[in-house]
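This is my_file-v3.pdb (PDB, N, CA and C atoms).
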```pdb
MODEL        1
ATOM      1  N   MET A  35      -5.972 -16.622  43.650
ATOM      2  CA  MET A  35      -5.641 -16.228  45.010
ATOM      3  C   MET A  35      -4.282 -15.536  44.981
ATOM      4  N   PRO A  36      -4.185 -14.343  45.520
ATOM      5  CA  PRO A  36      -2.919 -13.607  45.456
ATOM      6  C   PRO A  36      -1.877 -14.196  46.391
ATOM      7  N   ARG A  37      -0.638 -13.965  46.013
ATOM      8  CA  ARG A  37       0.474 -14.384  46.868
ATOM      9  C   ARG A  37       0.532 -13.479  48.089
ATOM     10  N   PRO A  38       1.022 -14.004  49.225
ATOM     11  CA  PRO A  38       1.161 -13.144  50.406
ATOM     12  C   PRO A  38       2.241 -12.097  50.167
ATOM     13  N   MET A  39       2.152 -11.023  50.889
ATOM     14  CA  MET A  39       3.152  -9.971  50.749
ATOM     15  C   MET A  39       4.530 -10.502  51.128
ATOM     16  N   ASN A  40       5.539  -9.926  50.494
ATOM     17  CA  ASN A  40       6.909 -10.341  50.780
ATOM     18  C   ASN A  40       7.256 -10.197  52.252
ATOM     19  N   ALA A  41       6.648  -9.204  52.929
ATOM     20  CA  ALA A  41       6.927  -9.011  54.357
ATOM     21  C   ALA A  41       6.477 -10.223  55.170
ATOM     22  N   HIS A  42       5.321 -10.808  54.818
ATOM     23  CA  HIS A  42       4.856 -12.008  55.521
ATOM     24  C   HIS A  42       5.823 -13.164  55.307
ATOM     25  N   ILE A  43       6.202 -13.383  54.066
ATOM     26  CA  ILE A  43       7.124 -14.478  53.761
ATOM     27  C   ILE A  43       8.473 -14.221  54.424
ATOM     28  N   GLY A  44       8.952 -12.991  54.366
ATOM     29  CA  GLY A  44      10.226 -12.644  55.004
ATOM     30  C   GLY A  44      10.196 -12.880  56.499
ATOM     31  N   GLY A  45       9.096 -12.507  57.143
ATOM     32  CA  GLY A  45       8.961 -12.724  58.586
ATOM     33  C   GLY A  45       8.950 -14.196  58.941
ATOM     34  N   MET A  46       8.251 -15.002  58.136
ATOM     35  CA  MET A  46       8.217 -16.440  58.389
ATOM     36  C   MET A  46       9.595 -17.057  58.178
ATOM     37  N   ARG A  47      10.315 -16.604  57.142
ATOM     38  CA  ARG A  47      11.666 -17.121  56.916
ATOM     39  C   ARG A  47      12.581 -16.748  58.077
ATOM     40  N   GLN A  48      12.473 -15.512  58.573
ATOM     41  CA  GLN A  48      13.297 -15.099  59.721
ATOM     42  C   GLN A  48      13.041 -16.008  60.918
ATOM     43  N   TYR A  49      11.766 -16.350  61.155
ATOM     44  CA  TYR A  49      11.444 -17.237  62.269
ATOM     45  C   TYR A  49      12.116 -18.606  62.072
ATOM     46  N   VAL A  50      11.981 -19.187  60.873
ATOM     47  CA  VAL A  50      12.566 -20.503  60.612
ATOM     48  C   VAL A  50      14.093 -20.434  60.742
ATOM     49  N   GLU A  51      14.695 -19.347  60.256
ATOM     50  CA  GLU A  51      16.148 -19.184  60.391
ATOM     51  C   GLU A  51      16.555 -19.039  61.857
ATOM     52  N   TRP A  52      15.726 -18.396  62.659
ATOM     53  CA  TRP A  52      16.018 -18.253  64.085
ATOM     54  C   TRP A  52      15.984 -19.616  64.768
ATOM     55  N   GLU A  53      15.009 -20.443  64.409
ATOM     56  CA  GLU A  53      14.899 -21.785  65.010
ATOM     57  C   GLU A  53      16.003 -22.718  64.522
ATOM     58  N   PHE A  54      16.404 -22.563  63.268
ATOM     59  CA  PHE A  54      17.376 -23.462  62.647
ATOM     60  C   PHE A  54      18.474 -22.645  61.960
ATOM     61  N   PRO A  55      19.348 -21.987  62.752
ATOM     62  CA  PRO A  55      20.375 -21.110  62.174
ATOM     63  C   PRO A  55      21.287 -21.856  61.192
ATOM     64  N   GLY A  56      21.487 -21.246  60.034
ATOM     65  CA  GLY A  56      22.371 -21.808  59.033
ATOM     66  C   GLY A  56      21.823 -23.003  58.281
ATOM     67  N   GLU A  57      20.585 -23.393  58.561
ATOM     68  CA  GLU A  57      20.028 -24.587  57.925
ATOM     69  C   GLU A  57      18.955 -24.272  56.884
ATOM     70  N   VAL A  58      18.523 -23.019  56.785
ATOM     71  CA  VAL A  58      17.520 -22.656  55.780
ATOM     72  C   VAL A  58      18.262 -22.417  54.470
ATOM     73  N   ARG A  59      17.996 -23.257  53.481
ATOM     74  CA  ARG A  59      18.732 -23.203  52.219
ATOM     75  C   ARG A  59      18.010 -22.400  51.142
ATOM     76  N   ASP A  60      16.684 -22.427  51.133
ATOM     77  CA  ASP A  60      15.970 -21.791  50.032
ATOM     78  C   ASP A  60      14.536 -21.486  50.461
ATOM     79  N   THR A  61      13.940 -20.523  49.760
ATOM     80  CA  THR A  61      12.529 -20.183  49.934
ATOM     81  C   THR A  61      11.979 -19.927  48.542
ATOM     82  N   TRP A  62      10.818 -20.463  48.269
ATOM     83  CA  TRP A  62      10.200 -20.220  46.965
ATOM     84  C   TRP A  62       8.684 -20.291  47.069
ATOM     85  N   TRP A  63       8.039 -19.810  46.021
ATOM     86  CA  TRP A  63       6.581 -19.883  45.894
ATOM     87  C   TRP A  63       6.279 -21.107  45.046
ATOM     88  N   ASP A  64       5.501 -22.032  45.592
ATOM     89  CA  ASP A  64       5.141 -23.246  44.861
ATOM     90  C   ASP A  64       3.791 -23.034  44.178
ATOM     91  N   GLU A  65       3.778 -23.093  42.872
ATOM     92  CA  GLU A  65       2.541 -22.866  42.122
ATOM     93  C   GLU A  65       1.528 -23.992  42.320
ATOM     94  N   ASP A  66       1.999 -25.224  42.546
ATOM     95  CA  ASP A  66       1.068 -26.346  42.734
ATOM     96  C   ASP A  66       0.287 -26.217  44.039
ATOM     97  N   THR A  67       0.987 -25.893  45.131
ATOM     98  CA  THR A  67       0.312 -25.754  46.425
ATOM     99  C   THR A  67      -0.192 -24.338  46.650
ATOM    100  N   ARG A  68       0.291 -23.388  45.800
ATOM    101  CA  ARG A  68      -0.071 -21.979  45.910
ATOM    102  C   ARG A  68       0.278 -21.456  47.301
ATOM    103  N   ALA A  69       1.521 -21.749  47.703
ATOM    104  CA  ALA A  69       1.973 -21.390  49.049
ATOM    105  C   ALA A  69       3.492 -21.238  49.064
ATOM    106  N   PRO A  70       4.007 -20.464  50.053
ATOM    107  CA  PRO A  70       5.462 -20.377  50.197
ATOM    108  C   PRO A  70       6.023 -21.663  50.800
ATOM    109  N   VAL A  71       7.230 -22.006  50.355
ATOM    110  CA  VAL A  71       7.925 -23.201  50.824
ATOM    111  C   VAL A  71       9.292 -22.770  51.354
ATOM    112  N   PHE A  72       9.655 -23.299  52.511
ATOM    113  CA  PHE A  72      10.956 -23.032  53.118
ATOM    114  C   PHE A  72      11.697 -24.364  53.196
ATOM    115  N   GLU A  73      12.901 -24.416  52.621
ATOM    116  CA  GLU A  73      13.697 -25.629  52.649
ATOM    117  C   GLU A  73      14.713 -25.541  53.781
ATOM    118  N   VAL A  74      14.679 -26.516  54.679
ATOM    119  CA  VAL A  74      15.579 -26.571  55.829
ATOM    120  C   VAL A  74      16.385 -27.870  55.720
ATOM    121  N   VAL A  75      17.712 -27.748  55.769
ATOM    122  CA  VAL A  75      18.582 -28.912  55.616
ATOM    123  C   VAL A  75      19.331 -29.146  56.920
ATOM    124  N   HIS A  76      19.140 -30.340  57.506
ATOM    125  CA  HIS A  76      19.861 -30.760  58.712
ATOM    126  C   HIS A  76      20.905 -31.776  58.247
ATOM    127  N   GLU A  77      22.164 -31.368  58.224
ATOM    128  CA  GLU A  77      23.246 -32.217  57.727
ATOM    129  C   GLU A  77      22.877 -32.731  56.340
ATOM    130  N   THR A  78      22.456 -33.982  56.178
ATOM    131  CA  THR A  78      22.126 -34.496  54.845
ATOM    132  C   THR A  78      20.632 -34.666  54.621
ATOM    133  N   LYS A  79      19.813 -34.401  55.618
ATOM    134  CA  LYS A  79      18.361 -34.583  55.491
ATOM    135  C   LYS A  79      17.679 -33.244  55.246
ATOM    136  N   CYS A  80      16.595 -33.282  54.511
ATOM    137  CA  CYS A  80      15.914 -32.065  54.093
ATOM    138  C   CYS A  80      14.458 -32.075  54.563
ATOM    139  N   HIS A  81      13.985 -30.902  54.972
ATOM    140  CA  HIS A  81      12.578 -30.697  55.292
ATOM    141  C   HIS A  81      12.056 -29.558  54.429
ATOM    142  N   HIS A  82      10.820 -29.676  54.018
ATOM    143  CA  HIS A  82      10.127 -28.570  53.362
ATOM    144  C   HIS A  82       8.991 -28.139  54.280
ATOM    145  N   VAL A  83       8.934 -26.855  54.575
ATOM    146  CA  VAL A  83       7.843 -26.292  55.367
ATOM    147  C   VAL A  83       6.964 -25.509  54.401
ATOM    148  N   ILE A  84       5.715 -25.922  54.293
ATOM    149  CA  ILE A  84       4.757 -25.268  53.412
ATOM    150  C   ILE A  84       3.730 -24.576  54.297
ATOM    151  N   VAL A  85       3.584 -23.271  54.126
ATOM    152  CA  VAL A  85       2.651 -22.505  54.944
ATOM    153  C   VAL A  85       1.420 -22.193  54.083
ATOM    154  N   ASP A  86       0.329 -22.856  54.402
ATOM    155  CA  ASP A  86      -0.913 -22.734  53.644
ATOM    156  C   ASP A  86      -1.442 -21.301  53.651
ATOM    157  N   MET A  87      -1.989 -20.870  52.522
ATOM    158  CA  MET A  87      -2.533 -19.511  52.425
ATOM    159  C   MET A  87      -3.685 -19.290  53.406
ATOM    160  N   GLY A  88      -4.454 -20.318  53.700
ATOM    161  CA  GLY A  88      -5.528 -20.188  54.684
ATOM    162  C   GLY A  88      -4.985 -19.817  56.055
ATOM    163  N   PHE A  89      -3.828 -20.365  56.406
ATOM    164  CA  PHE A  89      -3.163 -20.038  57.666
ATOM    165  C   PHE A  89      -2.753 -18.570  57.664
ATOM    166  N   ILE A  90      -2.145 -18.126  56.563
ATOM    167  CA  ILE A  90      -1.674 -16.744  56.469
ATOM    168  C   ILE A  90      -2.845 -15.773  56.526
ATOM    169  N   ARG A  91      -3.952 -16.097  55.855
ATOM    170  CA  ARG A  91      -5.127 -15.224  55.876
ATOM    171  C   ARG A  91      -5.825 -15.234  57.237
ATOM    172  N   ALA A  92      -5.814 -16.363  57.923
ATOM    173  CA  ALA A  92      -6.528 -16.495  59.197
ATOM    174  C   ALA A  92      -5.860 -15.731  60.334
ATOM    175  N   TYR A  93      -4.549 -15.602  60.273
ATOM    176  CA  TYR A  93      -3.817 -14.998  61.376
ATOM    177  C   TYR A  93      -3.074 -13.760  60.891
ATOM    178  N   GLN A  94      -3.462 -12.620  61.389
ATOM    179  CA  GLN A  94      -2.827 -11.371  60.991
ATOM    180  C   GLN A  94      -1.330 -11.418  61.249
ATOM    181  N   ASP A  95      -0.934 -11.997  62.395
ATOM    182  CA  ASP A  95       0.489 -12.164  62.697
ATOM    183  C   ASP A  95       0.823 -13.658  62.624
ATOM    184  N   ALA A  96       0.952 -14.150  61.396
ATOM    185  CA  ALA A  96       1.205 -15.570  61.186
ATOM    186  C   ALA A  96       2.501 -16.022  61.856
ATOM    187  N   VAL A  97       3.494 -15.140  61.904
ATOM    188  CA  VAL A  97       4.775 -15.501  62.520
ATOM    189  C   VAL A  97       4.589 -15.816  64.007
ATOM    190  N   ALA A  98       3.790 -15.022  64.699
ATOM    191  CA  ALA A  98       3.540 -15.274  66.130
ATOM    192  C   ALA A  98       2.882 -16.638  66.321
ATOM    193  N   PHE A  99       1.969 -16.993  65.440
ATOM    194  CA  PHE A  99       1.316 -18.293  65.561
ATOM    195  C   PHE A  99       2.278 -19.428  65.209
ATOM    196  N   LEU A 100       3.202 -19.202  64.280
ATOM    197  CA  LEU A 100       4.235 -20.210  64.016
ATOM    198  C   LEU A 100       5.095 -20.424  65.256
ATOM    199  N   ARG A 101       5.461 -19.317  65.920
ATOM    200  CA  ARG A 101       6.296 -19.423  67.134
ATOM    201  C   ARG A 101       5.616 -20.249  68.221
ATOM    202  N   THR A 102       4.304 -20.103  68.359
ATOM    203  CA  THR A 102       3.594 -20.819  69.424
ATOM    204  C   THR A 102       3.167 -22.221  69.000
ATOM    205  N   SER A 103       3.363 -22.549  67.728
ATOM    206  CA  SER A 103       3.004 -23.890  67.264
ATOM    207  C   SER A 103       4.102 -24.879  67.656
ATOM    208  N   GLU A 104       3.862 -26.136  67.366
ATOM    209  CA  GLU A 104       4.837 -27.178  67.665
ATOM    210  C   GLU A 104       5.711 -27.514  66.456
ATOM    211  N   LEU A 105       5.700 -26.654  65.444
ATOM    212  CA  LEU A 105       6.441 -26.922  64.216
ATOM    213  C   LEU A 105       7.920 -27.205  64.484
ATOM    214  N   ALA A 106       8.603 -26.339  65.203
ATOM    215  CA  ALA A 106      10.041 -26.516  65.453
ATOM    216  C   ALA A 106      10.317 -27.827  66.197
ATOM    217  N   ASP A 107       9.473 -28.163  67.163
ATOM    218  CA  ASP A 107       9.657 -29.422  67.897
ATOM    219  C   ASP A 107       9.498 -30.617  66.967
ATOM    220  N   TYR A 108       8.460 -30.591  66.114
ATOM    221  CA  TYR A 108       8.242 -31.684  65.162
ATOM    222  C   TYR A 108       9.436 -31.828  64.223
ATOM    223  N   MET A 109       9.962 -30.689  63.758
ATOM    224  CA  MET A 109      11.092 -30.738  62.836
ATOM    225  C   MET A 109      12.338 -31.291  63.517
ATOM    226  N   ARG A 110      12.554 -30.926  64.772
ATOM    227  CA  ARG A 110      13.726 -31.449  65.498
ATOM    228  C   ARG A 110      13.598 -32.957  65.718
ATOM    229  N   GLU A 111      12.383 -33.405  66.028
ATOM    230  CA  GLU A 111      12.169 -34.837  66.240
ATOM    231  C   GLU A 111      12.400 -35.636  64.962
ATOM    232  N   ALA A 112      12.180 -35.021  63.820
ATOM    233  CA  ALA A 112      12.275 -35.716  62.537
ATOM    234  C   ALA A 112      13.570 -35.415  61.798
ATOM    235  N   ARG A 113      14.593 -34.927  62.479
ATOM    236  CA  ARG A 113      15.852 -34.543  61.810
ATOM    237  C   ARG A 113      16.422 -35.660  60.951
ATOM    238  N   ALA A 114      16.271 -36.900  61.361
ATOM    239  CA  ALA A 114      16.871 -38.017  60.640
ATOM    240  C   ALA A 114      16.039 -38.454  59.435
ATOM    241  N   GLN A 115      14.910 -37.804  59.209
ATOM    242  CA  GLN A 115      14.018 -38.179  58.113
ATOM    243  C   GLN A 115      13.830 -36.995  57.170
ATOM    244  N   GLU A 116      13.541 -37.282  55.912
ATOM    245  CA  GLU A 116      13.177 -36.226  54.977
ATOM    246  C   GLU A 116      11.661 -36.086  55.033
ATOM    247  N   ARG A 117      11.181 -34.897  55.466
ATOM    248  CA  ARG A 117       9.753 -34.698  55.713
ATOM    249  C   ARG A 117       9.260 -33.405  55.078
ATOM    250  N   ARG A 118       7.980 -33.376  54.813
ATOM    251  CA  ARG A 118       7.268 -32.182  54.372
ATOM    252  C   ARG A 118       6.285 -31.829  55.493
ATOM    253  N   PHE A 119       6.339 -30.587  55.948
ATOM    254  CA  PHE A 119       5.449 -30.110  57.010
ATOM    255  C   PHE A 119       4.511 -29.065  56.415
ATOM    256  N   LEU A 120       3.241 -29.332  56.479
ATOM    257  CA  LEU A 120       2.229 -28.403  55.997
ATOM    258  C   LEU A 120       1.593 -27.724  57.206
ATOM    259  N   VAL A 121       1.718 -26.398  57.268
ATOM    260  CA  VAL A 121       1.148 -25.615  58.363
ATOM    261  C   VAL A 121      -0.157 -25.023  57.857
ATOM    262  N   LEU A 122      -1.259 -25.316  58.553
ATOM    263  CA  LEU A 122      -2.551 -24.802  58.127
ATOM    264  C   LEU A 122      -3.446 -24.467  59.297
ATOM    265  N   GLU A 123      -4.519 -23.781  58.986
ATOM    266  CA  GLU A 123      -5.512 -23.393  59.991
ATOM    267  C   GLU A 123      -6.763 -24.203  59.732
ATOM    268  N   GLU A 124      -7.288 -24.811  60.787
ATOM    269  CA  GLU A 124      -8.542 -25.563  60.706
ATOM    270  C   GLU A 124      -9.388 -25.241  61.926
ATOM    271  N   ARG A 125     -10.572 -24.729  61.678
ATOM    272  CA  ARG A 125     -11.530 -24.417  62.751
ATOM    273  C   ARG A 125     -10.904 -23.557  63.848
ATOM    274  N   GLY A 126     -10.110 -22.569  63.428
ATOM    275  CA  GLY A 126      -9.535 -21.628  64.379
ATOM    276  C   GLY A 126      -8.293 -22.114  65.115
ATOM    277  N   GLU A 127      -7.740 -23.246  64.695
ATOM    278  CA  GLU A 127      -6.555 -23.785  65.360
ATOM    279  C   GLU A 127      -5.439 -24.038  64.342
ATOM    280  N   VAL A 128      -4.210 -23.971  64.817
ATOM    281  CA  VAL A 128      -3.049 -24.285  63.976
ATOM    282  C   VAL A 128      -2.884 -25.803  63.937
ATOM    283  N   HIS A 129      -2.755 -26.330  62.715
ATOM    284  CA  HIS A 129      -2.520 -27.768  62.546
ATOM    285  C   HIS A 129      -1.284 -27.958  61.678
ATOM    286  N   ILE A 130      -0.542 -29.000  61.975
ATOM    287  CA  ILE A 130       0.664 -29.315  61.198
ATOM    288  C   ILE A 130       0.539 -30.754  60.726
ATOM    289  N   ARG A 131       0.620 -30.932  59.424
ATOM    290  CA  ARG A 131       0.578 -32.262  58.816
ATOM    291  C   ARG A 131       1.983 -32.584  58.332
ATOM    292  N   SER A 132       2.420 -33.800  58.566
ATOM    293  CA  SER A 132       3.755 -34.220  58.171
ATOM    294  C   SER A 132       3.657 -35.440  57.258
ATOM    295  N   THR A 133       4.360 -35.387  56.120
ATOM    296  CA  THR A 133       4.407 -36.501  55.193
ATOM    297  C   THR A 133       5.849 -36.688  54.735
ATOM    298  N   SER A 134       6.129 -37.829  54.138
ATOM    299  CA  SER A 134       7.460 -38.063  53.580
ATOM    300  C   SER A 134       7.696 -37.101  52.431
ATOM    301  N   LEU A 135       8.947 -36.702  52.289
ATOM    302  CA  LEU A 135       9.320 -35.777  51.218
ATOM    303  C   LEU A 135       9.588 -36.541  49.943
TER     304      LEU A 135
ENDMDL
END
```

What's the structure tokens form of this structure?
Amino acid sequence: MPRPMNAHIGGMRQYVEWEFPGEVRDTWWDEDTRAPVFEVVHETKCHHVIVDMGFIRAYQDAVAFLRTSELADYMREARAQERRFLVLEERGEVHIRSTSL
């Protein structure tokens, strides 16, 4: 499965940086999940946002769907915890799964 274009990843990173200014520390391609990962650090706690390739393929403008999702709200609620957020598409809807990091 090919990696998404850099423009898609760049757009998603810009969105995360807009929601959490100064808190996005790193972005990388994870070979195990075969998806881009965005690391967001709130003071001493860390979140990883993993955007599933199925989500990116399902939505031509994945960034717009991230904006309308509840991802930012979930991340703000979990600031005191280290969490991994997986953004995916299931049956035509955006779903976010959260697990301990």

Can you tell me which residues surround region 67-84 of chain A at a distance of at most 6 Å, considering only C-alpha atoms, apart from same-chain residues fewer than 6 positions away, and format the answer as a PyMOL selection string? chain A and resi 57-61+116-120

Atom pair atom C of Trp52 (chain A) + atom C of Ala112 (chain A), distance 16.3 Å

Using only N, CA and C atoms, the best pick from A:Ser134, A:Asp66, A:Arg47, A:Asn40 as closest to Gln115 (chain A) would be A:Ser134

Per-residue DSSP, chain A, filtered to strand (DSSP E), as a PDB file with N, CA and C atoms, keeping the file's coordinate frame:
```
ATOM      1  N   VAL A  58      18.523 -23.019  56.785  1.00  0.00           N
ATOM      2  CA  VAL A  58      17.520 -22.656  55.780  1.00  0.00           C
ATOM      3  C   VAL A  58      18.262 -22.417  54.470  1.00  0.00           C
ATOM      4  N   ARG A  59      17.996 -23.257  53.481  1.00  0.00           N
ATOM      5  CA  ARG A  59      18.732 -23.203  52.219  1.00  0.00           C
ATOM      6  C   ARG A  59      18.010 -22.400  51.142  1.00  0.00           C
ATOM      7  N   ASP A  60      16.684 -22.427  51.133  1.00  0.00           N
ATOM      8  CA  ASP A  60      15.970 -21.791  50.032  1.00  0.00           C
ATOM      9  C   ASP A  60      14.536 -21.486  50.461  1.00  0.00           C
ATOM     10  N   THR A  61      13.940 -20.523  49.760  1.00  0.00           N
ATOM     11  CA  THR A  61      12.529 -20.183  49.934  1.00  0.00           C
ATOM     12  C   THR A  61      11.979 -19.927  48.542  1.00  0.00           C
ATOM     13  N   TRP A  62      10.818 -20.463  48.269  1.00  0.00           N
ATOM     14  CA  TRP A  62      10.200 -20.220  46.965  1.00  0.00           C
ATOM     15  C   TRP A  62       8.684 -20.291  47.069  1.00  0.00           C
ATOM     16  N   TRP A  63       8.039 -19.810  46.021  1.00  0.00           N
ATOM     17  CA  TRP A  63       6.581 -19.883  45.894  1.00  0.00           C
ATOM     18  C   TRP A  63       6.279 -21.107  45.046  1.00  0.00           C
ATOM     19  N   ASP A  64       5.501 -22.032  45.592  1.00  0.00           N
ATOM     20  CA  ASP A  64       5.141 -23.246  44.861  1.00  0.00           C
ATOM     21  C   ASP A  64       3.791 -23.034  44.178  1.00  0.00           C
ATOM     22  N   ALA A  69       1.521 -21.749  47.703  1.00  0.00           N
ATOM     23  CA  ALA A  69       1.973 -21.390  49.049  1.00  0.00           C
ATOM     24  C   ALA A  69       3.492 -21.238  49.064  1.00  0.00           C
ATOM     25  N   PRO A  70       4.007 -20.464  50.053  1.00  0.00           N
ATOM     26  CA  PRO A  70       5.462 -20.377  50.197  1.00  0.00           C
ATOM     27  C   PRO A  70       6.023 -21.663  50.800  1.00  0.00           C
ATOM     28  N   VAL A  71       7.230 -22.006  50.355  1.00  0.00           N
ATOM     29  CA  VAL A  71       7.925 -23.201  50.824  1.00  0.00           C
ATOM     30  C   VAL A  71       9.292 -22.770  51.354  1.00  0.00           C
ATOM     31  N   PHE A  72       9.655 -23.299  52.511  1.00  0.00           N
ATOM     32  CA  PHE A  72      10.956 -23.032  53.118  1.00  0.00           C
ATOM     33  C   PHE A  72      11.697 -24.364  53.196  1.00  0.00           C
ATOM     34  N   GLU A  73      12.901 -24.416  52.621  1.00  0.00           N
ATOM     35  CA  GLU A  73      13.697 -25.629  52.649  1.00  0.00           C
ATOM     36  C   GLU A  73      14.713 -25.541  53.781  1.00  0.00           C
ATOM     37  N   VAL A  74      14.679 -26.516  54.679  1.00  0.00           N
ATOM     38  CA  VAL A  74      15.579 -26.571  55.829  1.00  0.00           C
ATOM     39  C   VAL A  74      16.385 -27.870  55.720  1.00  0.00           C
ATOM     40  N   VAL A  75      17.712 -27.748  55.769  1.00  0.00           N
ATOM     41  CA  VAL A  75      18.582 -28.912  55.616  1.00  0.00           C
ATOM     42  C   VAL A  75      19.331 -29.146  56.920  1.00  0.00           C
ATOM     43  N   HIS A  76      19.140 -30.340  57.506  1.00  0.00           N
ATOM     44  CA  HIS A  76      19.861 -30.760  58.712  1.00  0.00           C
ATOM     45  C   HIS A  76      20.905 -31.776  58.247  1.00  0.00           C
ATOM     46  N   LYS A  79      19.813 -34.401  55.618  1.00  0.00           N
ATOM     47  CA  LYS A  79      18.361 -34.583  55.491  1.00  0.00           C
ATOM     48  C   LYS A  79      17.679 -33.244  55.246  1.00  0.00           C
ATOM     49  N   CYS A  80      16.595 -33.282  54.511  1.00  0.00           N
ATOM     50  CA  CYS A  80      15.914 -32.065  54.093  1.00  0.00           C
ATOM     51  C   CYS A  80      14.458 -32.075  54.563  1.00  0.00           C
ATOM     52  N   HIS A  81      13.985 -30.902  54.972  1.00  0.00           N
ATOM     53  CA  HIS A  81      12.578 -30.697  55.292  1.00  0.00           C
ATOM     54  C   HIS A  81      12.056 -29.558  54.429  1.00  0.00           C
ATOM     55  N   HIS A  82      10.820 -29.676  54.018  1.00  0.00           N
ATOM     56  CA  HIS A  82      10.127 -28.570  53.362  1.00  0.00           C
ATOM     57  C   HIS A  82       8.991 -28.139  54.280  1.00  0.00           C
ATOM     58  N   VAL A  83       8.934 -26.855  54.575  1.00  0.00           N
ATOM     59  CA  VAL A  83       7.843 -26.292  55.367  1.00  0.00           C
ATOM     60  C   VAL A  83       6.964 -25.509  54.401  1.00  0.00           C
ATOM     61  N   ILE A  84       5.715 -25.922  54.293  1.00  0.00           N
ATOM     62  CA  ILE A  84       4.757 -25.268  53.412  1.00  0.00           C
ATOM     63  C   ILE A  84       3.730 -24.576  54.297  1.00  0.00           C
ATOM     64  N   VAL A  85       3.584 -23.271  54.126  1.00  0.00           N
ATOM     65  CA  VAL A  85       2.651 -22.505  54.944  1.00  0.00           C
ATOM     66  C   VAL A  85       1.420 -22.193  54.083  1.00  0.00           C
ATOM     67  N   ARG A 117      11.181 -34.897  55.466  1.00  0.00           N
ATOM     68  CA  ARG A 117       9.753 -34.698  55.713  1.00  0.00           C
ATOM     69  C   ARG A 117       9.260 -33.405  55.078  1.00  0.00           C
ATOM     70  N   ARG A 118       7.980 -33.376  54.813  1.00  0.00           N
ATOM     71  CA  ARG A 118       7.268 -32.182  54.372  1.00  0.00           C
ATOM     72  C   ARG A 118       6.285 -31.829  55.493  1.00  0.00           C
ATOM     73  N   PHE A 119       6.339 -30.587  55.948  1.00  0.00           N
ATOM     74  CA  PHE A 119       5.449 -30.110  57.010  1.00  0.00           C
ATOM     75  C   PHE A 119       4.511 -29.065  56.415  1.00  0.00           C
ATOM     76  N   LEU A 120       3.241 -29.332  56.479  1.00  0.00           N
ATOM     77  CA  LEU A 120       2.229 -28.403  55.997  1.00  0.00           C
ATOM     78  C   LEU A 120       1.593 -27.724  57.206  1.00  0.00           C
ATOM     79  N   VAL A 121       1.718 -26.398  57.268  1.00  0.00           N
ATOM     80  CA  VAL A 121       1.148 -25.615  58.363  1.00  0.00           C
ATOM     81  C   VAL A 121      -0.157 -25.023  57.857  1.00  0.00           C
ATOM     82  N   LEU A 122      -1.259 -25.316  58.553  1.00  0.00           N
ATOM     83  CA  LEU A 122      -2.551 -24.802  58.127  1.00  0.00           C
ATOM     84  C   LEU A 122      -3.446 -24.467  59.297  1.00  0.00           C
ATOM     85  N   GLU A 123      -4.519 -23.781  58.986  1.00  0.00           N
ATOM     86  CA  GLU A 123      -5.512 -23.393  59.991  1.00  0.00           C
ATOM     87  C   GLU A 123      -6.763 -24.203  59.732  1.00  0.00           C
ATOM     88  N   GLU A 124      -7.288 -24.811  60.787  1.00  0.00           N
ATOM     89  CA  GLU A 124      -8.542 -25.563  60.706  1.00  0.00           C
ATOM     90  C   GLU A 124      -9.388 -25.241  61.926  1.00  0.00           C
ATOM     91  N   GLU A 127      -7.740 -23.246  64.695  1.00  0.00           N
ATOM     92  CA  GLU A 127      -6.555 -23.785  65.360  1.00  0.00           C
ATOM     93  C   GLU A 127      -5.439 -24.038  64.342  1.00  0.00           C
ATOM     94  N   VAL A 128      -4.210 -23.971  64.817  1.00  0.00           N
ATOM     95  CA  VAL A 128      -3.049 -24.285  63.976  1.00  0.00           C
ATOM     96  C   VAL A 128      -2.884 -25.803  63.937  1.00  0.00           C
ATOM     97  N   HIS A 129      -2.755 -26.330  62.715  1.00  0.00           N
ATOM     98  CA  HIS A 129      -2.520 -27.768  62.546  1.00  0.00           C
ATOM     99  C   HIS A 129      -1.284 -27.958  61.678  1.00  0.00           C
ATOM    100  N   ILE A 130      -0.542 -29.000  61.975  1.00  0.00           N
ATOM    101  CA  ILE A 130       0.664 -29.315  61.198  1.00  0.00           C
ATOM    102  C   ILE A 130       0.539 -30.754  60.726  1.00  0.00           C
ATOM    103  N   ARG A 131       0.620 -30.932  59.424  1.00  0.00           N
ATOM    104  CA  ARG A 131       0.578 -32.262  58.816  1.00  0.00           C
ATOM    105  C   ARG A 131       1.983 -32.584  58.332  1.00  0.00           C
ATOM    106  N   SER A 132       2.420 -33.800  58.566  1.00  0.00           N
ATOM    107  CA  SER A 132       3.755 -34.220  58.171  1.00  0.00           C
ATOM    108  C   SER A 132       3.657 -35.440  57.258  1.00  0.00           C
ATOM    109  N   THR A 133       4.360 -35.387  56.120  1.00  0.00           N
ATOM    110  CA  THR A 133       4.407 -36.501  55.193  1.00  0.00           C
ATOM    111  C   THR A 133       5.849 -36.688  54.735  1.00  0.00           C
ATOM    112  N   SER A 134       6.129 -37.829  54.138  1.00  0.00           N
ATOM    113  CA  SER A 134       7.460 -38.063  53.580  1.00  0.00           C
ATOM    114  C   SER A 134       7.696 -37.101  52.431  1.00  0.00           C
TER     115      SER A 134
END
```

### Task
Could you jot down the CA of Ala106 (chain A) to CA of Glu65 (chain A) separation for me, Å, one decimal place?
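These two atoms are separated by 24.8 Å.
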
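When only N, CA and C atoms are used to compute distances to Ser103 (chain A), the closest of the residues A:Trp62, A:Pro55, A:His129, A:Ile90 turns out to be A:His129.
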
(Q) What's the separation between atom C of Ile130 (chain A) and atom N of Leu105 (chain A), in Å to one decimal place? (A)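 Separating atom C of Ile130 (chain A) from atom N of Leu105 (chain A) is a distance of 8.1 Å.
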
Counting only C-alpha atoms, closest pick from A:Ala96, A:Val121, A:Arg113, A:Arg131 relative to Tyr49 (chain A) is A:Ala96

- Message: Which of chain A end up as helix (DSSP H, G or I) when DSSP is run on this backbone - answer as a VMD selection string?
- Response: chain A and resid 40 to 53 87 to 92 96 to 102 105 to 111
